[in-house]
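Undergrad: Just one file: upload.json, with JSON, C-alpha atoms.
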[["chain", "number", "residue", "atom", "x", "y", "z"],
["D", 1, "MET", "CA", -11.09, 6.42, 63.67],
["D", 2, "SER", "CA", -12.21, 3.09, 65.09],
["D", 3, "LEU", "CA", -13.61, 2.34, 68.49],
["D", 4, "ILE", "CA", -11.71, -0.06, 70.62],
["D", 5, "THR", "CA", -13.77, -3.20, 71.23],
["D", 6, "PHE", "CA", -12.98, -5.59, 74.03],
["D", 7, "ASN", "CA", -13.75, -9.26, 73.62],
["D", 8, "PHE", "CA", -14.85, -10.48, 77.04],
["D", 9, "GLU", "CA", -14.33, -14.15, 76.17],
["D", 10, "THR", "CA", -10.71, -13.88, 74.92],
["D", 11, "GLY", "CA", -9.75, -10.74, 76.70],
["D", 12, "TYR", "CA", -8.22, -9.27, 73.46],
["D", 13, "LEU", "CA", -8.83, -5.96, 71.77],
["D", 14, "ILE", "CA", -10.47, -6.78, 68.35],
["D", 15, "GLU", "CA", -10.49, -3.52, 66.34],
["D", 16, "PRO", "CA", -6.74, -2.78, 66.40],
["D", 17, "VAL", "CA", -6.09, -6.27, 64.97],
["D", 18, "ILE", "CA", -8.60, -5.74, 62.16],
["D", 19, "ASP", "CA", -7.14, -2.28, 61.40],
["D", 20, "VAL", "CA", -3.62, -3.63, 61.13],
["D", 21, "LEU", "CA", -4.80, -6.41, 58.78],
["D", 22, "GLY", "CA", -6.66, -3.83, 56.68],
["D", 23, "ILE", "CA", -3.57, -1.67, 56.39],
["D", 24, "LEU", "CA", -1.50, -4.66, 55.29],
["D", 25, "VAL", "CA", -4.06, -5.76, 52.69],
["D", 26, "ASN", "CA", -4.39, -2.22, 51.32],
["D", 27, "ALA", "CA", -0.65, -1.79, 51.15],
["D", 28, "GLY", "CA", -0.31, -5.11, 49.30],
["D", 29, "LEU", "CA", -3.01, -4.11, 46.85],
["D", 30, "ALA", "CA", -1.38, -0.75, 46.29],
["D", 31, "VAL", "CA", 1.98, -2.36, 45.55],
["D", 32, "TYR", "CA", 0.33, -4.87, 43.18],
["D", 33, "ILE", "CA", -1.67, -2.24, 41.29],
["D", 34, "THR", "CA", 1.33, 0.09, 41.04],
["D", 35, "SER", "CA", 3.51, -2.69, 39.63],
["D", 36, "VAL", "CA", 0.81, -3.71, 37.10],
["D", 37, "ILE", "CA", 0.36, -0.10, 35.94],
["D", 38, "GLN", "CA", 4.11, 0.41, 35.78],
["D", 39, "LYS", "CA", 4.57, -2.74, 33.69],
["D", 40, "SER", "CA", 1.72, -1.69, 31.42],
["D", 41, "ASN", "CA", 3.31, 1.76, 30.98],
["D", 42, "GLU", "CA", 6.67, 0.18, 30.25],
["D", 43, "ASP", "CA", 5.11, -2.16, 27.66],
["D", 44, "ARG", "CA", 3.36, 0.79, 26.00],
["D", 45, "GLY", "CA", 6.58, 2.76, 26.02],
["D", 46, "ARG", "CA", 8.49, -0.12, 24.41],
["D", 47, "PHE", "CA", 5.76, -0.54, 21.80],
["D", 48, "LYS", "CA", 5.84, 3.17, 20.95],
["D", 49, "ASP", "CA", 9.64, 3.02, 20.69],
["D", 50, "TYR", "CA", 9.33, 0.08, 18.30],
["D", 51, "VAL", "CA", 6.83, 1.90, 16.07],
["D", 52, "ILE", "CA", 8.98, 5.05, 16.06],
["D", 53, "ASP", "CA", 12.07, 3.00, 15.14],
["D", 54, "GLU", "CA", 10.22, 1.40, 12.24],
["D", 55, "LEU", "CA", 9.04, 4.79, 10.99],
["D", 56, "ARG", "CA", 12.62, 6.08, 11.19],
["D", 57, "LYS", "CA", 13.76, 3.07, 9.16],
["D", 58, "ILE", "CA", 11.29, 3.97, 6.41],
["D", 59, "ILE", "CA", 12.68, 7.52, 6.39],
["D", 60, "TYR", "CA", 16.20, 6.10, 6.18],
["D", 61, "ASP", "CA", 15.24, 3.81, 3.27],
["D", 62, "LEU", "CA", 13.62, 6.72, 1.43],
["D", 63, "ASP", "CA", 16.74, 8.85, 1.98],
["D", 64, "SER", "CA", 18.91, 6.06, 0.69],
["D", 65, "LEU", "CA", 16.77, 5.74, -2.44],
["D", 66, "LYS", "CA", 16.86, 9.50, -3.00],
["D", 67, "ASN", "CA", 20.66, 9.48, -2.62],
["D", 68, "ASP", "CA", 20.92, 6.69, -5.21],
["D", 69, "LEU", "CA", 18.91, 8.79, -7.63],
["D", 70, "GLN", "CA", 20.99, 11.85, -6.88],
["D", 71, "SER", "CA", 24.28, 10.02, -7.42],
["D", 72, "VAL", "CA", 23.12, 8.32, -10.65],
["D", 73, "ASN", "CA", 23.42, 4.97, -8.98],
["D", 74, "ILE", "CA", 20.16, 3.19, -9.69],
["D", 75, "SER", "CA", 18.40, 1.71, -12.72],
["D", 76, "PRO", "CA", 14.62, 1.98, -13.23],
["D", 77, "GLN", "CA", 14.17, -1.72, -12.53],
["D", 78, "GLU", "CA", 16.15, -1.46, -9.30],
["D", 79, "PHE", "CA", 14.15, 1.62, -8.29],
["D", 80, "ASN", "CA", 10.91, -0.35, -8.73],
["D", 81, "ARG", "CA", 12.34, -3.24, -6.72],
["D", 82, "GLN", "CA", 13.43, -0.98, -3.85],
["D", 83, "ILE", "CA", 10.24, 1.05, -3.72],
["D", 84, "LYS", "CA", 8.29, -2.20, -3.60],
["D", 85, "SER", "CA", 10.48, -3.40, -0.75],
["D", 86, "ILE", "CA", 9.71, -0.19, 1.20],
["D", 87, "SER", "CA", 6.03, -0.58, 0.39],
["D", 88, "VAL", "CA", 5.93, -4.17, 1.66],
["D", 89, "ASN", "CA", 7.92, -3.33, 4.80],
["D", 90, "GLN", "CA", 5.82, -0.31, 5.74],
["D", 91, "LYS", "CA", 2.50, -2.09, 5.29],
["D", 92, "TYR", "CA", 2.56, -3.63, 8.79],
["D", 93, "ILE", "CA", 3.60, -0.45, 10.55],
["D", 94, "ILE", "CA", 0.93, 1.59, 8.75],
["D", 95, "ARG", "CA", -1.62, -0.95, 9.92],
["D", 96, "LEU", "CA", -0.38, -0.51, 13.51],
["D", 97, "LEU", "CA", -0.67, 3.28, 13.26],
["D", 98, "GLU", "CA", -4.28, 2.88, 12.24],
["D", 99, "SER", "CA", -5.33, 0.09, 14.57],
["D", 100, "ASP", "CA", -3.34, 0.83, 17.72],
["D", 101, "PHE", "CA", -2.97, 4.61, 17.59],
["D", 102, "GLY", "CA", -6.19, 5.48, 15.77],
["D", 103, "MET", "CA", -4.21, 7.50, 13.23],
["D", 104, "SER", "CA", -5.20, 7.95, 9.61],
["D", 105, "SER", "CA", -2.39, 7.19, 7.18],
["D", 106, "SER", "CA", -4.29, 7.99, 4.01],
["D", 107, "GLN", "CA", -2.29, 11.15, 3.42],
["D", 108, "TYR", "CA", 1.00, 9.27, 3.66],
["D", 109, "ARG", "CA", -0.30, 6.52, 1.36],
["D", 110, "ASP", "CA", -1.22, 9.21, -1.19],
["D", 111, "ARG", "CA", 2.20, 10.84, -0.87],
["D", 112, "PHE", "CA", 3.95, 7.51, -1.30],
["D", 113, "TYR", "CA", 1.91, 6.69, -4.39],
["D", 114, "ASP", "CA", 2.61, 10.19, -5.78],
["D", 115, "LEU", "CA", 6.33, 9.61, -5.22],
["D", 116, "LYS", "CA", 6.27, 6.33, -7.18],
["D", 117, "LYS", "CA", 4.22, 7.88, -9.95],
["D", 118, "CYS", "CA", 6.33, 11.02, -10.09],
["D", 119, "VAL", "CA", 9.61, 9.12, -10.50],
["D", 120, "THR", "CA", 8.37, 6.42, -12.87],
["D", 121, "ASP", "CA", 6.72, 9.00, -15.16],
["D", 122, "LEU", "CA", 9.94, 10.99, -15.55],
["D", 123, "GLN", "CA", 11.46, 11.14, -19.02],
["D", 124, "SER", "CA", 14.86, 10.06, -17.66],
["D", 125, "PHE", "CA", 13.35, 7.08, -15.90],
["D", 126, "GLN", "CA", 11.54, 5.91, -19.03],
["D", 127, "SER", "CA", 14.47, 6.47, -21.36],
["D", 128, "SER", "CA", 16.74, 4.36, -19.12],
["D", 129, "TRP", "CA", 14.31, 1.44, -18.93],
["D", 130, "LYS", "CA", 15.19, -0.49, -22.08],
["D", 131, "SER", "CA", 18.93, -0.43, -21.44],
["D", 132, "SER", "CA", 18.51, -0.86, -17.65],
["D", 133, "SER", "CA", 21.06, 1.92, -17.33],
["D", 134, "LYS", "CA", 21.33, 4.18, -14.29],
["D", 135, "ILE", "CA", 18.77, 6.97, -14.21],
["D", 136, "GLN", "CA", 20.33, 10.34, -14.90],
["D", 137, "LEU", "CA", 17.89, 12.99, -13.73],
["D", 138, "THR", "CA", 17.99, 16.51, -15.06],
["D", 139, "ASN", "CA", 18.20, 19.30, -12.48],
["D", 140, "ARG", "CA", 14.54, 20.10, -13.02],
["D", 141, "GLU", "CA", 13.52, 16.45, -12.59],
["D", 142, "PHE", "CA", 15.62, 16.13, -9.49],
["D", 143, "SER", "CA", 13.96, 19.08, -7.81],
["D", 144, "ILE", "CA", 10.55, 17.50, -8.53],
["D", 145, "VAL", "CA", 11.79, 14.23, -7.06],
["D", 146, "ILE", "CA", 13.21, 15.94, -3.97],
["D", 147, "ASP", "CA", 9.84, 17.53, -3.29],
["D", 148, "ALA", "CA", 8.07, 14.18, -3.61],
["D", 149, "PHE", "CA", 10.52, 12.52, -1.20],
["D", 150, "ASN", "CA", 10.21, 15.41, 1.25],
["D", 151, "PHE", "CA", 6.42, 15.24, 1.26],
["D", 152, "CYS", "CA", 6.67, 11.57, 2.27],
["D", 153, "LYS", "CA", 9.23, 12.31, 4.95],
["D", 154, "GLU", "CA", 7.14, 15.16, 6.35],
["D", 155, "GLU", "CA", 4.20, 12.78, 6.74],
["D", 156, "LEU", "CA", 6.39, 10.17, 8.43],
["D", 157, "SER", "CA", 7.90, 12.75, 10.78],
["D", 158, "ALA", "CA", 4.42, 13.97, 11.67],
["D", 159, "SER", "CA", 3.47, 10.35, 12.41],
["D", 160, "ILE", "CA", 6.47, 10.02, 14.73],
["D", 161, "ARG", "CA", 5.40, 13.15, 16.59],
["D", 162, "ARG", "CA", 1.84, 11.88, 16.89],
["D", 163, "VAL", "CA", 2.97, 8.46, 18.15],
["D", 164, "THR", "CA", 5.17, 10.14, 20.75],
["D", 165, "LEU", "CA", 2.27, 12.22, 22.06],
["D", 166, "ASN", "CA", -0.54, 9.79, 21.46],
["D", 167, "ASN", "CA", -2.06, 7.25, 23.80],
["D", 168, "LEU", "CA", -2.65, 3.82, 22.42],
["D", 169, "VAL", "CA", -6.19, 3.13, 21.33],
["D", 170, "LYS", "CA", -5.77, -0.60, 21.86],
["D", 171, "LYS", "CA", -4.38, -1.35, 25.33],
["L", 1, "MET", "CA", -15.38, -22.07, -12.19],
["L", 2, "ASN", "CA", -13.22, -19.07, -11.29],
["L", 3, "THR", "CA", -9.78, -18.56, -12.79],
["L", 4, "GLU", "CA", -6.68, -17.14, -11.18],
["L", 5, "ILE", "CA", -3.79, -15.69, -13.13],
["L", 6, "SER", "CA", -0.68, -13.92, -11.94],
["L", 7, "ILE", "CA", 1.16, -11.05, -13.59],
["L", 8, "ARG", "CA", 4.32, -12.82, -12.41],
["L", 9, "ASP", "CA", 3.63, -15.41, -15.14],
["L", 10, "PHE", "CA", 3.75, -12.59, -17.69],
["L", 11, "SER", "CA", 6.91, -10.99, -16.33],
["L", 12, "GLU", "CA", 8.89, -10.80, -13.13],
["L", 13, "TYR", "CA", 9.77, -7.24, -14.19],
["L", 14, "PRO", "CA", 6.59, -5.58, -15.42],
["L", 15, "GLY", "CA", 7.49, -2.59, -17.55],
["L", 16, "LEU", "CA", 6.02, 0.83, -18.22],
["L", 17, "ARG", "CA", 2.78, 2.03, -19.79],
["L", 18, "HIS", "CA", 3.28, 1.54, -23.52],
["L", 19, "CYS", "CA", 5.00, -0.98, -25.78],
["L", 20, "ASN", "CA", 7.20, 1.69, -27.34],
["L", 21, "LEU", "CA", 8.66, 2.55, -23.92],
["L", 22, "SER", "CA", 9.48, -0.89, -22.57],
["L", 23, "ASP", "CA", 9.13, -4.61, -22.94],
["L", 24, "SER", "CA", 6.44, -6.24, -20.80],
["L", 25, "SER", "CA", 4.39, -3.03, -20.75],
["L", 26, "GLY", "CA", 0.87, -2.55, -19.40],
["L", 27, "GLU", "CA", -0.35, -2.19, -22.97],
["L", 28, "GLU", "CA", 1.28, -5.51, -23.90],
["L", 29, "TYR", "CA", -0.10, -7.29, -20.85],
["L", 30, "TYR", "CA", -3.60, -6.10, -21.60],
["L", 31, "HIS", "CA", -3.56, -7.19, -25.21],
["L", 32, "SER", "CA", -1.68, -10.46, -24.82],
["L", 33, "VAL", "CA", -3.25, -11.73, -21.58],
["L", 34, "LEU", "CA", -5.86, -9.73, -19.74],
["L", 35, "ASN", "CA", -8.40, -8.94, -22.47],
["L", 36, "GLU", "CA", -8.93, -12.56, -23.49],
["L", 37, "ALA", "CA", -8.79, -13.96, -19.94],
["L", 38, "PHE", "CA", -11.40, -11.47, -18.79],
["L", 39, "TYR", "CA", -13.66, -12.09, -21.78],
["L", 40, "GLU", "CA", -13.62, -15.83, -21.05],
["L", 41, "ALA", "CA", -14.48, -15.20, -17.40],
["L", 42, "VAL", "CA", -17.47, -13.07, -18.44],
["L", 43, "LEU", "CA", -18.65, -15.72, -20.91],
["L", 44, "LYS", "CA", -18.45, -18.39, -18.21],
["L", 45, "GLN", "CA", -20.18, -16.08, -15.73],
["L", 46, "SER", "CA", -17.20, -16.56, -13.43],
["L", 47, "VAL", "CA", -14.64, -14.34, -11.72],
["L", 48, "LEU", "CA", -11.11, -13.72, -12.90],
["L", 49, "PHE", "CA", -8.64, -13.30, -10.03],
["L", 50, "VAL", "CA", -5.46, -11.45, -10.96],
["L", 51, "SER", "CA", -2.56, -11.56, -8.53],
["L", 52, "LEU", "CA", -0.07, -8.70, -8.42],
["L", 53, "ASP", "CA", 2.35, -10.48, -6.09],
["L", 54, "GLN", "CA", 5.85, -11.92, -6.58],
["L", 55, "THR", "CA", 6.97, -9.43, -9.18],
["L", 56, "ALA", "CA", 9.88, -7.01, -8.80],
["L", 57, "GLY", "CA", 7.46, -4.10, -8.41],
["L", 58, "PHE", "CA", 5.22, -2.00, -10.61],
["L", 59, "ALA", "CA", 5.38, 1.39, -12.19],
["L", 60, "PRO", "CA", 1.88, 2.78, -11.50],
["L", 61, "SER", "CA", 1.53, 3.42, -15.24],
["L", 62, "PHE", "CA", 1.71, -0.33, -16.00],
["L", 63, "LEU", "CA", -1.31, -1.07, -13.82],
["L", 64, "ASP", "CA", -3.16, 2.02, -14.99],
["L", 65, "GLU", "CA", -2.78, 1.05, -18.65],
["L", 66, "ALA", "CA", -3.53, -2.67, -18.22],
["L", 67, "PHE", "CA", -6.59, -2.41, -15.99],
["L", 68, "GLY", "CA", -7.70, 0.93, -17.36],
["L", 69, "ASN", "CA", -7.98, -0.50, -20.85],
["L", 70, "LEU", "CA", -10.09, -3.29, -19.44],
["L", 71, "VAL", "CA", -12.56, -0.78, -17.99],
["L", 72, "TYR", "CA", -12.47, 1.19, -21.22],
["L", 73, "ASP", "CA", -13.33, -1.86, -23.33],
["L", 74, "PHE", "CA", -15.83, -3.63, -21.06],
["L", 75, "GLY", "CA", -17.19, -0.93, -18.74],
["L", 76, "ILE", "CA", -16.87, -0.62, -14.98],
["L", 77, "ASP", "CA", -19.96, -2.74, -14.19],
["L", 78, "LEU", "CA", -18.63, -5.89, -15.89],
["L", 79, "VAL", "CA", -15.18, -5.33, -14.45],
["L", 80, "GLN", "CA", -16.47, -4.98, -10.91],
["L", 81, "LYS", "CA", -18.59, -8.09, -11.34],
["L", 82, "HIS", "CA", -16.06, -10.39, -13.00],
["L", 83, "LEU", "CA", -12.63, -9.20, -11.86],
["L", 84, "VAL", "CA", -10.91, -9.36, -8.50],
["L", 85, "VAL", "CA", -7.37, -8.02, -8.24],
["L", 86, "ILE", "CA", -5.47, -9.41, -5.29],
["L", 87, "SER", "CA", -2.22, -8.46, -3.58],
["L", 88, "ALA", "CA", -1.08, -9.62, -0.18],
["L", 89, "GLU", "CA", 2.20, -7.78, -0.64],
["L", 90, "GLU", "CA", 0.88, -4.38, -1.73],
["L", 91, "PRO", "CA", -2.84, -4.10, -0.97],
["L", 92, "ASP", "CA", -2.66, -0.33, -1.57],
["L", 93, "LEU", "CA", -2.22, -1.01, -5.29],
["L", 94, "VAL", "CA", -5.60, -2.74, -5.35],
["L", 95, "LEU", "CA", -7.24, 0.17, -3.56],
["L", 96, "THR", "CA", -5.78, 2.62, -6.07],
["L", 97, "LEU", "CA", -7.13, 0.56, -8.95],
["L", 98, "GLU", "CA", -10.58, 0.28, -7.46],
["L", 99, "ASN", "CA", -10.88, 3.83, -6.17],
["L", 100, "GLU", "CA", -9.13, 5.77, -8.91],
["L", 101, "THR", "CA", -8.17, 3.87, -12.06],
["L", 102, "TYR", "CA", -11.54, 2.23, -12.72],
["L", 103, "ILE", "CA", -13.39, 5.50, -12.23],
["L", 104, "GLU", "CA", -11.06, 7.56, -14.43],
["L", 105, "TRP", "CA", -11.16, 5.02, -17.26],
["L", 106, "GLN", "CA", -14.93, 4.64, -17.05],
["L", 107, "GLU", "CA", -15.11, 8.39, -17.66],
["L", 108, "ARG", "CA", -12.84, 7.92, -20.66],
["L", 109, "ARG", "CA", -15.14, 5.17, -21.92],
["L", 110, "LEU", "CA", -18.16, 7.45, -21.62],
["L", 111, "LYS", "CA", -16.30, 10.26, -23.38],
["L", 112, "LYS", "CA", -14.99, 7.81, -26.01],
["L", 113, "SER", "CA", -11.47, 9.08, -25.40],
["L", 114, "VAL", "CA", -9.67, 6.28, -27.26],
["L", 115, "PRO", "CA", -6.55, 4.86, -25.53],
["L", 116, "LYS", "CA", -3.25, 5.25, -27.31],
["L", 117, "LYS", "CA", -1.82, 2.10, -28.93],
["L", 118, "THR", "CA", 1.87, 2.07, -29.71],
["L", 119, "LYS", "CA", 1.92, -1.11, -31.76],
["L", 120, "ASN", "CA", -0.51, -3.22, -33.73],
["L", 121, "HIS", "CA", -2.33, -5.79, -31.65],
["L", 122, "LYS", "CA", -4.36, -8.79, -32.69],
["L", 123, "PRO", "CA", -8.12, -8.06, -32.57],
["L", 124, "TRP", "CA", -9.42, -7.77, -29.01],
["L", 125, "TRP", "CA", -12.76, -7.94, -27.23],
["L", 126, "GLN", "CA", -14.93, -4.98, -26.34],
["L", 127, "PHE", "CA", -18.42, -4.68, -24.86],
["L", 128, "VAL", "CA", -20.31, -2.15, -26.96],
["L", 129, "ASP", "CA", -24.07, -1.54, -27.06],
["L", 130, "SER", "CA", -24.75, -4.65, -24.95],
["L", 131, "ALA", "CA", -22.77, -6.94, -27.27],
["L", 132, "PHE", "CA", -19.27, -8.36, -27.38],
["L", 133, "ILE", "CA", -17.38, -7.45, -30.50],
["L", 134, "LYS", "CA", -13.84, -7.87, -31.65],
["L", 135, "THR", "CA", -12.12, -4.69, -32.55],
["L", 136, "GLU", "CA", -8.91, -4.00, -34.35],
["L", 137, "LYS", "CA", -6.55, -1.13, -34.81]]
Reformat the file's structure so that it appears as structure tokens.
TA:
Amino acid sequence: MSLITFNFETGYLIEPVIDVLGILVNAGLAVYITSVIQKSNEDRGRFKDYVIDELRKIIYDLDSLKNDLQSVNISPQEFNRQIKSISVNQKYIIRLLESDFGMSSSQYRDRFYDLKKCVTDLQSFQSSWKSSSKIQLTNREFSIVIDAFNFCKEELSASIRRVTLNNLVKK
Amino acid sequence: MNTEISIRDFSEYPGLRHCNLSDSSGEEYYHSVLNEAFYEAVLKQSVLFVSLDQTAGFAPSFLDEAFGNLVYDFGIDLVQKHLVVISAEEPDLVLTLENETYIEWQERRLKKSVPKKTKNHKPWWQFVDSAFIKTEK
């Protein structure tokens, strides 16, 4: 509560004028800060959405590759080409998970490498190589492959959950 | 002076581990390109850069056989000193080579667990008892 001060020279009350100015300045600052924070939150939200979309795309690409194997629709050479394409595409997003969300992706990298190794070491994969024919997996091989794909997808889904809950490290 | 070679010059479609499984295999690459190129780099006291980029992708077994044989024949110390594998497209492949393949094949070298050859190759270089020798099988 301020005291009312009378200026004898001008005949005006000084304190009420200063109080009103203070209120206006504070209100302006509050509006400015709120809008900056809101914009920052929106930017972070958009960035998270982008990262989540990219992770979902990787899951989609892996599913598509698994379906091609299941439906005897892919040659060993084409498998290598597609898995490389996924690897190149996911490189940037993995880097973002590490740098901007402080998340370790080593487990996913291991799973992804295991998937490549698991498929390319299969007897059916190797026997189709010379003729570039479509890979015809046995039931036993397919169940091994399914597990390898699922391990990758589990890691990606866990990353999506962590991105959703996580605060950005880099702001 | 350092030398840079690219596996893309060997094949756009690198194959599988052994020559009996596929054309352009890791075994073939090692014996037709990598062994000699690396030996020359060591002789010149230079570094051999090997690029993995611009191919249609690798089966892990190709890289394991090609670079693993190099460690088996020359030892991990020479390889780490005179070889740099580079990949802008798939840097994880380089990490796997450095962190896993080299170490596993160095153990094989120490245990003298001879790598399988699925065809006859021209004599190739090895570093044995502090000397370079040409071996044949």
Undergrad: D:Ser35, D:Asn167, D:Gln107, D:Asn89: which is nearest chain L, counting only C-alpha atoms?
TA: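 The closest residue to chain L is D:Asn89.
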Undergrad: Please find the residues of chain L near chain D - the criterion being any atom within 6 Å, counting only C-alpha atoms - and write them as an NGL selection string.
TA: :L and (22 or 56-57 or 59-60 or 89)
Undergrad: Would you export the selected residues with C-alpha atoms as a JSON list (two decimals), in the frame of the given file, please?
TA:
[["chain", "number", "residue", "atom", "x", "y", "z"],
["L", 22, "SER", "CA", 9.48, -0.89, -22.57],
["L", 56, "ALA", "CA", 9.88, -7.01, -8.80],
["L", 57, "GLY", "CA", 7.46, -4.10, -8.41],
["L", 59, "ALA", "CA", 5.38, 1.39, -12.19],
["L", 60, "PRO", "CA", 1.88, 2.78, -11.50],
["L", 89, "GLU", "CA", 2.20, -7.78, -0.64]]
Undergrad: How many Å separate atom CA of D:Ser159 from atom CA of D:Asp147?
TA: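 Interatomic distance here is 18.4 Å.
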Undergrad: List the neighbours of L:Ser6 out to 7 Å using all atoms listed in the file; skip same-chain residues closer than 4 positions along the sequence, and give me the result as an mmCIF file with C-alpha atoms, in the frame of the given file.
TA:
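Wrote around00.cif, looks like this:
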data_model
loop_
_atom_site.group_PDB
_atom_site.id
_atom_site.type_symbol
_atom_site.label_atom_id
_atom_site.label_comp_id
_atom_site.auth_asym_id
_atom_site.auth_seq_id
_atom_site.Cartn_x
_atom_site.Cartn_y
_atom_site.Cartn_z
ATOM 1 C CA VAL L 50 -5.460 -11.450 -10.960
ATOM 2 C CA SER L 51 -2.560 -11.560 -8.530
ATOM 3 C CA LEU L 52 -0.070 -8.700 -8.420
#
Undergrad: Could you give me, as number ranges by chain, the residues that sit within 9 Å of (10.3, 7.6, 7.4) in the file's coordinates, counting all atoms listed in the file?
TA: D: 54-63, 152-157, 159-160
Undergrad: Would you mind telling me which residue in L:Thr55, L:Asn99, L:Ser113, L:Thr135 lies nearest to L:Tyr13 when using only C-alpha atoms?
TA: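 With only C-alpha atoms as the atom set, the closest residue is L:Thr55.
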Undergrad: Provide the atom CA of L:Lys117 to atom CA of L:Cys19 distance in Å, to one decimal place.
TA: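 Spanning atom CA of L:Lys117 to atom CA of L:Cys19 is a straight-line distance of 8.1 Å.
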Undergrad: Report, in Å with one decimal, the straight-line distance from atom CA of L:Val94 to atom CA of L:Arg17.
TA: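 Between atom CA of L:Val94 and atom CA of L:Arg17 the gap is 17.4 Å.
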Undergrad: So, with all atoms listed in the file as the atoms that count, which of L:Leu70, L:Val85, L:Leu34, L:Leu43 lies closest to L:Phe132?
TA: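 Looking at the shortest contact to L:Phe132, the residue is L:Leu43.
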